[in-house]
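Remarks on the structure that follows.
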There are 2 protein chains.
Amino acid sequence: MAVYTEVTDDDLLDFVARYDVGTLVSYKGIAEGIENSNYLVQTDRAAFILTLYERRVNAADLPYFIGLMDHLAAQGFTCPRPIRARDGAVLASLCGRPAAMVSFLTGMWPKRILPRHCGAIGATAATLHRDARDFPMRRANDLSLAGWQRLHDDTRARAHEVQPGLAEALEAELAHLARHWPSALPEGVIHADLFPDNVFFLGETLSGVIDFYFACNDFLAYELAICLNAWCFEPDASFNVTKARLLLAGYAKVRPLEPAEIAALPLLARGAAIRFLLTRLYDWINHPEGALVRRKDPLEYLHRLRFHQSVADVAAYGLG
Amino acid sequence: MAVYTEVTDDDLLDFVARYDVGTLVSYKGIAEGIENSNYLVQTDRAAFILTLYERRVNAADLPYFIGLMDHLAAQGFTCPRPIRARDGAVLASLCGRPAAMVSFLTGMWPKRILPRHCGAIGATAATLHRDARDFPMRRANDLSLAGWQRLHDDTRARAHEVQPGLAEALEAELAHLARHWPSALPEGVIHADLFPDNVFFLGETLSGVIDFYFACNDFLAYELAICLNAWCFEPDASFNVTKARLLLAGYAKVRPLEPAEIAALPLLARGAAIRFLLTRLYDWINHPEGALVRRKDPLEYLHRLRFHQSVADVAAYGLG
């Protein structure tokens, strides 16, 4: 929730002149985005989002992220469309940082998740998987098994400060996941961060998906495992099976799930829970003094992990 | 540079429905404003700025600030125009805070001040003074002599941490100002915070003035004294007399200055310098741990104060 790099009017006038987007009439730093600096840029023709990529984003990954948005937008998927500069480039530089300008999407992310949101996000995840099928670039998921182990190694010594015994619980879970993680499920491009704050709605309609900066190639069903964690738990921590059923049914209407994908869901959901548990734990422990970003509670995901561990079969997710 | 109060989509949908402004299609928290939470709100008809007033603004003063914007906008002055709810009110409540929605102004505030900006801000200050002439409300300037003394009392014990001897220098200056402060100069409504980040330009044209939350009734020439401090010093701390001459000439073209006002300028400029020195010093000393706002250097204004103390007469400001 911050702007890390202050862009001056002179900087931005020069920058916008490199694009065929009209004349700059306004810009405001947006208090959103934990990783990057974002500006809402208004010209006499349209509105755009300008992003300056800060240190936490690996610049080598940017062609993948921006190429993916470009590819998806060309397929008609509702995501920000990268704007080409007059020289044809979609990736530029501003204030010493990599920068890109994308089209502005209307819509609001839903703070209170309703069942209908879950059906829509399921269908949209499947549409994304379908529309990205021919995207030619590849990026490994650096927040899968090996990445979780790294985060665990980096947080092990201080995990007990968050909860006694947490390191040991994570150790056991990671061992279980390493032994049982599937090796052969349908793969493709996944968004990998389809949380409510990355999904816009206009009334009943899902109007767009943003923030492709964790996108990667992985099991398609792992996306659903993330969504089960992100959309189907209530504020009181209980799991809402109606929302899960709608989510999975929405997905299956666009892309039917294979039996192996369905069978793997409980394990993939455990993986997704530990992924967000570990990144939150890492951020909790390494929270800098005076940071501009508020910490999120890692234990929320320990409760979700416990739920998925307790699941006997996919009936718990409303299937079968 | 923050959003202190998070407004949810449901909250905002309910709020916007109280106004005849069209259908909400987007809103973004803006990383601007030190005192309040600001959102850029987009409907299918137009863009607006929604402000939630946080604790540092005295709610009893809001009818003055918002009434003044309403009055000025009705005179054709380019400032945000408060939007009336269907019940006629310009002041509402949102998330337990006083809130108001105003029209969106295009333009960018200039980071690098050019001489032409100074002529424009002079003329605009005079236009504001003229257009506010019939505004019926009154608000004393709580950051004049008595307010400075209070800030000095509150910072005296720790001022030496910023610079040894600072408290003593402030003590002497405040005594001088108290003895010599004018008692009879033309009075009226002043903006009282006409800094570059509150003034928008579109190309060569001054397109609007924002942030009326220090506006008050005081000597009109004190506004110019603030502007001399805010617009006429270079990044290397030197005073730019060309900018000052253009500023004062721009003002005088719309409202000629009386001889007593001109004669008082050096003293008023000392007052304006100590006003910003003291509020910055207060904020420096009382900077909360982990605050979302960056501190500004109080000593910048000690240098400006020294300049005004050294001024023999108004020729130093390009007059006479």
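If you're wondering about the labels, chains in the structure tokens are A, B, ... by order shown, residues count from 1 in each chain, ligands from 1 in order shown.
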What would chain A look like once superposed on chain B, with the fit done by least squares over all C-alpha atoms paired in order? Give it as a CSV table (one decimal) with C-alpha atoms, in the first residue's frame.
```
chain,number,residue,atom,x,y,z
A,1,MET,CA,1.1,9.5,1.5
A,2,ALA,CA,-1.4,6.9,2.6
A,3,VAL,CA,-4.9,5.7,2.9
A,4,TYR,CA,-5.8,5.5,6.6
A,5,THR,CA,-9.3,4.1,6.2
A,6,GLU,CA,-10.0,1.2,3.9
A,7,VAL,CA,-13.4,1.6,2.2
A,8,THR,CA,-15.0,-1.6,0.9
A,9,ASP,CA,-16.9,-1.9,-2.4
A,10,ASP,CA,-20.2,-2.4,-0.5
A,11,ASP,CA,-19.6,0.7,1.7
A,12,LEU,CA,-18.9,2.8,-1.4
A,13,LEU,CA,-21.8,1.5,-3.5
A,14,ASP,CA,-24.1,2.5,-0.7
A,15,PHE,CA,-22.4,5.9,-0.3
A,16,VAL,CA,-22.4,6.8,-4.0
A,17,ALA,CA,-26.1,5.8,-4.3
A,18,ARG,CA,-26.8,8.8,-2.0
A,19,TYR,CA,-25.6,11.2,-4.9
A,20,ASP,CA,-26.9,11.8,-8.4
A,21,VAL,CA,-23.5,11.0,-10.0
A,22,GLY,CA,-24.2,7.9,-12.0
A,23,THR,CA,-23.1,4.3,-11.3
A,24,LEU,CA,-19.8,3.5,-9.6
A,25,VAL,CA,-17.4,1.7,-11.9
A,26,SER,CA,-14.1,2.0,-10.1
A,27,TYR,CA,-12.2,3.5,-7.1
A,28,LYS,CA,-8.6,3.6,-6.1
A,29,GLY,CA,-7.0,4.8,-2.9
A,30,ILE,CA,-4.6,7.7,-3.7
A,31,ALA,CA,-1.2,7.8,-2.2
A,32,GLU,CA,-1.5,11.6,-1.5
A,33,GLY,CA,-2.5,13.7,1.4
A,34,ILE,CA,-0.9,13.6,4.8
A,35,GLU,CA,-3.9,14.3,6.8
A,36,ASN,CA,-6.8,12.4,5.2
A,37,SER,CA,-7.7,9.4,3.2
A,38,ASN,CA,-8.4,10.1,-0.5
A,39,TYR,CA,-10.0,8.0,-3.2
A,40,LEU,CA,-10.3,8.6,-6.9
A,41,VAL,CA,-13.9,7.5,-7.6
A,42,GLN,CA,-15.0,6.8,-11.2
A,43,THR,CA,-18.7,6.6,-12.2
A,44,ASP,CA,-20.1,6.1,-15.7
A,45,ARG,CA,-20.5,9.9,-15.8
A,46,ALA,CA,-17.4,11.5,-14.3
A,47,ALA,CA,-14.5,11.2,-11.9
A,48,PHE,CA,-14.6,12.5,-8.3
A,49,ILE,CA,-12.3,12.7,-5.3
A,50,LEU,CA,-13.7,11.2,-2.1
A,51,THR,CA,-12.1,12.4,1.1
A,52,LEU,CA,-12.5,10.8,4.5
A,53,TYR,CA,-11.4,13.2,7.2
A,54,GLU,CA,-9.1,11.7,9.7
A,55,ARG,CA,-8.3,12.8,13.3
A,56,ARG,CA,-6.0,15.7,12.4
A,57,VAL,CA,-8.8,17.7,10.8
A,58,ASN,CA,-11.2,19.3,13.3
A,59,ALA,CA,-14.7,18.3,12.2
A,60,ALA,CA,-16.1,21.6,13.3
A,61,ASP,CA,-14.0,23.3,10.6
A,62,LEU,CA,-15.3,21.2,7.8
A,63,PRO,CA,-18.4,23.4,7.0
A,64,TYR,CA,-16.0,26.3,6.5
A,65,PHE,CA,-13.6,24.4,4.2
A,66,ILE,CA,-16.3,22.8,2.1
A,67,GLY,CA,-18.5,25.9,2.1
A,68,LEU,CA,-15.5,27.9,0.8
A,69,MET,CA,-14.8,25.4,-2.0
A,70,ASP,CA,-18.5,25.5,-2.9
A,71,HIS,CA,-18.5,29.3,-2.8
A,72,LEU,CA,-15.3,29.7,-4.9
A,73,ALA,CA,-16.4,27.1,-7.5
A,74,ALA,CA,-19.7,29.0,-7.9
A,75,GLN,CA,-17.7,32.1,-8.7
A,76,GLY,CA,-15.8,30.3,-11.4
A,77,PHE,CA,-12.6,29.8,-9.4
A,78,THR,CA,-10.9,26.5,-10.5
A,79,CYS,CA,-11.1,24.4,-7.3
A,80,PRO,CA,-12.8,21.2,-6.5
A,81,ARG,CA,-16.6,21.6,-6.4
A,82,PRO,CA,-18.3,19.8,-3.5
A,83,ILE,CA,-21.0,17.4,-4.7
A,84,ARG,CA,-24.4,17.7,-3.1
A,85,ALA,CA,-26.0,14.5,-2.0
A,86,ARG,CA,-29.7,13.9,-3.0
A,87,ASP,CA,-30.6,15.4,0.4
A,88,GLY,CA,-28.7,18.6,-0.4
A,89,ALA,CA,-25.8,18.0,2.1
A,90,VAL,CA,-22.2,18.4,1.0
A,91,LEU,CA,-20.8,16.8,4.2
A,92,ALA,CA,-21.6,13.1,4.8
A,93,SER,CA,-20.3,10.2,6.8
A,94,LEU,CA,-18.5,7.1,5.7
A,95,CYS,CA,-16.8,4.3,7.7
A,96,GLY,CA,-17.4,6.4,10.8
A,97,ARG,CA,-15.6,9.5,9.5
A,98,PRO,CA,-16.8,12.8,8.0
A,99,ALA,CA,-16.6,12.5,4.3
A,100,ALA,CA,-17.1,14.6,1.2
A,101,MET,CA,-17.0,14.0,-2.5
A,102,VAL,CA,-15.7,16.8,-4.8
A,103,SER,CA,-15.2,17.1,-8.6
A,104,PHE,CA,-12.0,15.8,-10.1
A,105,LEU,CA,-9.5,18.5,-11.4
A,106,THR,CA,-7.2,17.7,-14.2
A,107,GLY,CA,-3.6,18.9,-14.1
A,108,MET,CA,-0.3,18.0,-12.5
A,109,TRP,CA,1.5,19.9,-9.7
A,110,PRO,CA,4.9,21.1,-10.9
A,111,LYS,CA,7.9,19.5,-9.2
A,112,ARG,CA,10.4,21.9,-10.9
A,113,ILE,CA,9.2,25.5,-10.4
A,114,LEU,CA,9.7,27.7,-13.4
A,115,PRO,CA,9.3,31.5,-13.3
A,116,ARG,CA,6.0,31.3,-15.3
A,117,HIS,CA,4.5,29.2,-12.5
A,118,CYS,CA,5.2,32.0,-10.1
A,119,GLY,CA,3.3,34.7,-12.1
A,120,ALA,CA,0.4,32.3,-12.4
A,121,ILE,CA,0.2,31.5,-8.7
A,122,GLY,CA,0.4,35.2,-7.8
A,123,ALA,CA,-2.6,36.0,-10.1
A,124,THR,CA,-4.5,32.9,-8.8
A,125,ALA,CA,-4.0,33.9,-5.2
A,126,ALA,CA,-5.4,37.4,-5.9
A,127,THR,CA,-8.3,35.8,-7.8
A,128,LEU,CA,-9.0,33.6,-4.8
A,129,HIS,CA,-9.0,36.6,-2.5
A,130,ARG,CA,-11.4,38.4,-4.8
A,131,ASP,CA,-13.7,35.5,-5.4
A,132,ALA,CA,-13.9,34.7,-1.6
A,133,ARG,CA,-14.8,38.3,-0.7
A,134,ASP,CA,-18.5,37.6,-0.1
A,135,PHE,CA,-18.0,34.2,1.6
A,136,PRO,CA,-19.9,34.7,4.9
A,137,MET,CA,-18.2,32.3,7.3
A,138,ARG,CA,-15.1,33.1,9.4
A,139,ARG,CA,-12.3,31.0,10.7
A,140,ALA,CA,-9.4,32.4,12.7
A,141,ASN,CA,-5.9,31.3,11.6
A,142,ASP,CA,-4.9,28.9,14.4
A,143,LEU,CA,-1.4,28.8,12.9
A,144,SER,CA,-0.6,32.5,13.5
A,145,LEU,CA,1.2,34.1,16.5
A,146,ALA,CA,-0.6,32.2,19.3
A,147,GLY,CA,-0.4,28.9,17.4
A,148,TRP,CA,3.3,29.4,16.8
A,149,GLN,CA,3.9,30.0,20.5
A,150,ARG,CA,2.0,26.8,21.4
A,151,LEU,CA,4.1,24.8,18.9
A,152,HIS,CA,7.2,26.4,20.3
A,153,ASP,CA,6.2,25.4,23.9
A,154,ASP,CA,5.6,21.9,22.7
A,155,THR,CA,8.9,21.5,20.9
A,156,ARG,CA,11.2,23.6,23.0
A,157,ALA,CA,12.6,20.8,25.1
A,158,ARG,CA,13.7,18.7,22.1
A,159,ALA,CA,14.5,21.3,19.4
A,160,HIS,CA,18.2,21.0,20.2
A,161,GLU,CA,18.1,17.4,18.8
A,162,VAL,CA,17.4,18.9,15.4
A,163,GLN,CA,20.0,21.7,15.8
A,164,PRO,CA,21.8,23.0,18.9
A,165,GLY,CA,20.5,26.5,19.8
A,166,LEU,CA,17.3,26.1,17.7
A,167,ALA,CA,14.9,26.7,20.6
A,168,GLU,CA,16.7,29.9,21.6
A,169,ALA,CA,16.7,31.2,18.0
A,170,LEU,CA,12.9,30.5,17.8
A,171,GLU,CA,12.3,32.2,21.1
A,172,ALA,CA,14.0,35.4,20.0
A,173,GLU,CA,12.2,35.4,16.6
A,174,LEU,CA,8.8,34.8,18.2
A,175,ALA,CA,9.4,37.7,20.5
A,176,HIS,CA,10.4,39.9,17.6
A,177,LEU,CA,7.3,38.9,15.6
A,178,ALA,CA,5.0,39.4,18.6
A,179,ARG,CA,6.3,43.0,19.0
A,180,HIS,CA,6.1,43.9,15.3
A,181,TRP,CA,3.3,41.8,13.8
A,182,PRO,CA,0.9,44.2,11.9
A,183,SER,CA,-2.5,44.8,13.3
A,184,ALA,CA,-4.2,46.7,10.4
A,185,LEU,CA,-3.8,45.2,7.0
A,186,PRO,CA,-6.5,44.2,4.5
A,187,GLU,CA,-8.0,40.9,5.7
A,188,GLY,CA,-10.0,38.2,4.0
A,189,VAL,CA,-10.1,34.5,3.2
A,190,ILE,CA,-6.7,33.0,2.5
A,191,HIS,CA,-5.8,29.5,1.3
A,192,ALA,CA,-2.8,29.5,3.7
A,193,ASP,CA,-1.2,26.5,2.1
A,194,LEU,CA,-0.5,27.4,-1.5
A,195,PHE,CA,2.4,25.1,-2.0
A,196,PRO,CA,3.3,23.7,-5.4
A,197,ASP,CA,1.8,20.3,-4.5
A,198,ASN,CA,-1.6,22.0,-4.1
A,199,VAL,CA,-1.6,23.8,-7.4
A,200,PHE,CA,-2.2,22.0,-10.7
A,201,PHE,CA,-1.0,23.0,-14.2
A,202,LEU,CA,-1.9,21.8,-17.6
A,203,GLY,CA,0.9,22.9,-19.9
A,204,GLU,CA,1.3,26.6,-19.4
A,205,THR,CA,-2.0,27.0,-17.7
A,206,LEU,CA,-2.8,26.9,-14.0
A,207,SER,CA,-5.7,24.4,-14.0
A,208,GLY,CA,-6.7,24.3,-10.4
A,209,VAL,CA,-6.1,24.8,-6.7
A,210,ILE,CA,-6.8,22.0,-4.2
A,211,ASP,CA,-6.5,21.3,-0.4
A,212,PHE,CA,-8.4,24.0,1.4
A,213,TYR,CA,-7.9,22.5,4.8
A,214,PHE,CA,-5.8,25.3,6.2
A,215,ALA,CA,-8.0,28.1,4.8
A,216,CYS,CA,-8.8,30.9,7.2
A,217,ASN,CA,-9.4,34.6,7.6
A,218,ASP,CA,-6.1,36.5,7.9
A,219,PHE,CA,-4.1,39.3,6.3
A,220,LEU,CA,-4.3,38.8,2.5
A,221,ALA,CA,-0.6,39.8,2.2
A,222,TYR,CA,0.2,36.9,4.5
A,223,GLU,CA,-0.8,34.5,1.7
A,224,LEU,CA,1.9,36.2,-0.4
A,225,ALA,CA,4.4,35.8,2.4
A,226,ILE,CA,3.6,32.0,2.4
A,227,CYS,CA,4.0,31.9,-1.4
A,228,LEU,CA,7.3,33.7,-1.3
A,229,ASN,CA,8.5,30.9,1.0
A,230,ALA,CA,6.8,28.1,-1.0
A,231,TRP,CA,7.7,29.1,-4.6
A,232,CYS,CA,10.7,31.3,-4.7
A,233,PHE,CA,13.6,29.3,-3.1
A,234,GLU,CA,15.7,27.1,-5.3
A,235,PRO,CA,16.7,23.5,-4.4
A,236,ASP,CA,20.1,24.9,-3.5
A,237,ALA,CA,18.3,27.1,-0.8
A,238,SER,CA,19.0,30.4,-2.7
A,239,PHE,CA,16.2,33.0,-3.1
A,240,ASN,CA,15.2,33.6,-6.7
A,241,VAL,CA,14.2,37.3,-6.9
A,242,THR,CA,13.0,36.9,-10.5
A,243,LYS,CA,10.4,34.4,-9.3
A,244,ALA,CA,9.4,36.7,-6.4
A,245,ARG,CA,9.0,39.7,-8.7
A,246,LEU,CA,6.8,37.6,-11.1
A,247,LEU,CA,4.7,36.3,-8.2
A,248,LEU,CA,4.1,39.8,-6.7
A,249,ALA,CA,3.4,41.3,-10.1
A,250,GLY,CA,1.0,38.5,-11.0
A,251,TYR,CA,-0.9,39.2,-7.8
A,252,ALA,CA,-0.9,43.0,-8.2
A,253,LYS,CA,-2.4,42.7,-11.7
A,254,VAL,CA,-5.6,41.3,-10.2
A,255,ARG,CA,-5.5,43.1,-6.9
A,256,PRO,CA,-3.1,46.0,-6.4
A,257,LEU,CA,-1.2,45.9,-3.1
A,258,GLU,CA,-1.4,48.7,-0.6
A,259,PRO,CA,1.8,50.4,0.5
A,260,ALA,CA,1.3,49.1,4.0
A,261,GLU,CA,1.0,45.5,2.7
A,262,ILE,CA,4.2,45.9,0.7
A,263,ALA,CA,6.1,47.4,3.6
A,264,ALA,CA,5.0,44.5,5.9
A,265,LEU,CA,6.1,41.7,3.5
A,266,PRO,CA,9.5,41.0,5.0
A,267,LEU,CA,8.0,40.6,8.5
A,268,LEU,CA,5.1,38.5,7.2
A,269,ALA,CA,7.6,36.3,5.3
A,270,ARG,CA,9.5,35.7,8.6
A,271,GLY,CA,6.2,34.7,10.1
A,272,ALA,CA,5.4,32.3,7.3
A,273,ALA,CA,8.8,30.8,7.5
A,274,ILE,CA,8.5,30.2,11.3
A,275,ARG,CA,5.0,28.7,10.8
A,276,PHE,CA,6.3,25.9,8.5
A,277,LEU,CA,9.5,25.6,10.6
A,278,LEU,CA,7.5,24.9,13.7
A,279,THR,CA,4.9,22.5,12.2
A,280,ARG,CA,7.8,20.5,10.6
A,281,LEU,CA,9.7,20.6,13.9
A,282,TYR,CA,6.6,19.3,15.7
A,283,ASP,CA,6.1,16.5,13.2
A,284,TRP,CA,9.8,15.7,13.3
A,285,ILE,CA,9.8,15.3,17.1
A,286,ASN,CA,6.5,13.5,17.2
A,287,HIS,CA,7.0,11.2,14.3
A,288,PRO,CA,5.3,8.0,15.3
A,289,GLU,CA,7.2,4.7,14.9
A,290,GLY,CA,6.3,3.0,11.6
A,291,ALA,CA,4.4,6.0,10.4
A,292,LEU,CA,3.2,6.0,6.8
A,293,VAL,CA,4.3,9.6,6.1
A,294,ARG,CA,7.8,10.7,5.5
A,295,ARG,CA,9.2,13.6,7.6
A,296,LYS,CA,10.2,16.9,6.1
A,297,ASP,CA,13.3,18.7,7.2
A,298,PRO,CA,12.5,21.7,9.5
A,299,LEU,CA,15.9,23.3,8.9
A,300,GLU,CA,14.9,24.1,5.3
A,301,TYR,CA,12.7,26.8,6.9
A,302,LEU,CA,15.4,28.0,9.3
A,303,HIS,CA,17.4,28.9,6.2
A,304,ARG,CA,14.4,30.7,4.7
A,305,LEU,CA,13.8,32.5,7.9
A,306,ARG,CA,17.5,33.7,8.0
A,307,PHE,CA,17.0,35.1,4.5
A,308,HIS,CA,13.9,37.1,5.4
A,309,GLN,CA,15.7,38.3,8.6
A,310,SER,CA,18.5,39.6,6.4
A,311,VAL,CA,16.2,41.5,4.0
A,312,ALA,CA,16.7,45.3,4.2
A,313,ASP,CA,13.6,46.2,2.3
A,314,VAL,CA,11.2,44.9,-0.3
A,315,ALA,CA,13.7,45.5,-3.1
A,316,ALA,CA,15.0,42.0,-2.0
A,317,TYR,CA,11.6,40.7,-3.3
A,318,GLY,CA,12.0,42.5,-6.6
A,319,LEU,CA,9.7,45.4,-5.6
A,320,GLY,CA,10.2,49.1,-5.7
```
query = Mind checking DSSP for segment 260-312 of chain B and telling me the helix (DSSP H, G or I) residues as a ChimeraX atom specification?
reply = /B:260-285,299-310
task = From the DSSP assignment of the backbone, select every residue of segment 68-187 of chain A that is strand (DSSP E), and format the answer as a PyMOL selection string.
result = chain A and resi 92-94+97-103+187
